[in-house]
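Inspection log for the structure reproduced underneath, given as structure tokens.
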Amino acid sequence: MMPRRVRLRVALLSTLPVLAVTVLALFPLALAGLLPWAVPPAVLLAQGVQAWLVLHRLGRPAGRP
């Protein structure tokens, strides 16, 4: 099993590509009125859930589903 600190880093780094797209593309589109304002916060929330799932799954002992 990985140390908690390493698992946390992997979980957070796994969300960086989508977070970059959110900040660089979705927020400007929302500012321009081409995208509903509910989309960028929903993407950020989904990435928080993804990070939590990655952190949880990396902490499982080997052989458990």
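Going through the structure tokens in order, the chains are called A, B, and so on, while each chain numbers its residues from 1 and the ligands are numbered from 1 in the order shown.
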Worksheet item: Which residues come within 10 Å of segment 45-50 of chain A, counting only C-alpha atoms, excluding same-chain residues fewer than 2 positions away, as a ChimeraX atom specification?
Response: /A:11-12,14-16,18-19,39-43,52-56
Take the residues from that selection and put them in a file with C-alpha atoms, as a PDB file, in the first residue's frame.
```pdb
ATOM      1  CA  ALA A  11      -5.109  11.844  -6.748  1.00  0.00           C
ATOM      2  CA  LEU A  12      -4.662  15.605  -7.066  1.00  0.00           C
ATOM      3  CA  SER A  14      -4.889  13.148 -11.865  1.00  0.00           C
ATOM      4  CA  THR A  15      -7.319  16.068 -11.930  1.00  0.00           C
ATOM      5  CA  LEU A  16      -4.933  18.701 -13.343  1.00  0.00           C
ATOM      6  CA  VAL A  18      -9.384  18.655 -16.694  1.00  0.00           C
ATOM      7  CA  LEU A  19      -8.926  21.524 -14.252  1.00  0.00           C
ATOM      8  CA  VAL A  39     -21.131  23.941 -16.166  1.00  0.00           C
ATOM      9  CA  PRO A  40     -17.739  25.100 -14.769  1.00  0.00           C
ATOM     10  CA  PRO A  41     -18.706  24.556 -11.097  1.00  0.00           C
ATOM     11  CA  ALA A  42     -20.181  21.165 -12.011  1.00  0.00           C
ATOM     12  CA  VAL A  43     -16.901  20.175 -13.671  1.00  0.00           C
ATOM     13  CA  TRP A  52     -11.555  11.329  -3.804  1.00  0.00           C
ATOM     14  CA  LEU A  53     -12.217   8.099  -5.732  1.00  0.00           C
ATOM     15  CA  VAL A  54      -8.598   7.862  -6.889  1.00  0.00           C
ATOM     16  CA  LEU A  55      -7.377   8.453  -3.334  1.00  0.00           C
ATOM     17  CA  HIS A  56      -9.738   5.781  -2.017  1.00  0.00           C
TER      18      HIS A  56
END
```
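DSSP annotation of segment 9-46 of chain A from backbone atoms: alpha helix (DSSP H) residues are Arg9, Val10, Ala11, Leu12, Leu13, Leu16, Pro17, Val18, Leu19, Ala20, Val21, Phe27, Pro28, Leu29, Ala30, Leu31, Val39, Pro40, Pro41, Ala42, Val43, Leu44, Leu45 and Ala46 of chain A.
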Worksheet item: So which residues touch Leu26 of chain A within 8 Å, counting only C-alpha atoms, skipping near sequence neighbours fewer than 3 positions away, as a count of residues only?
Response: 8
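Note that the spacing between atom CA of Gly59 of chain A and atom CA of Met1 of chain A amounts to 6.3 Å.
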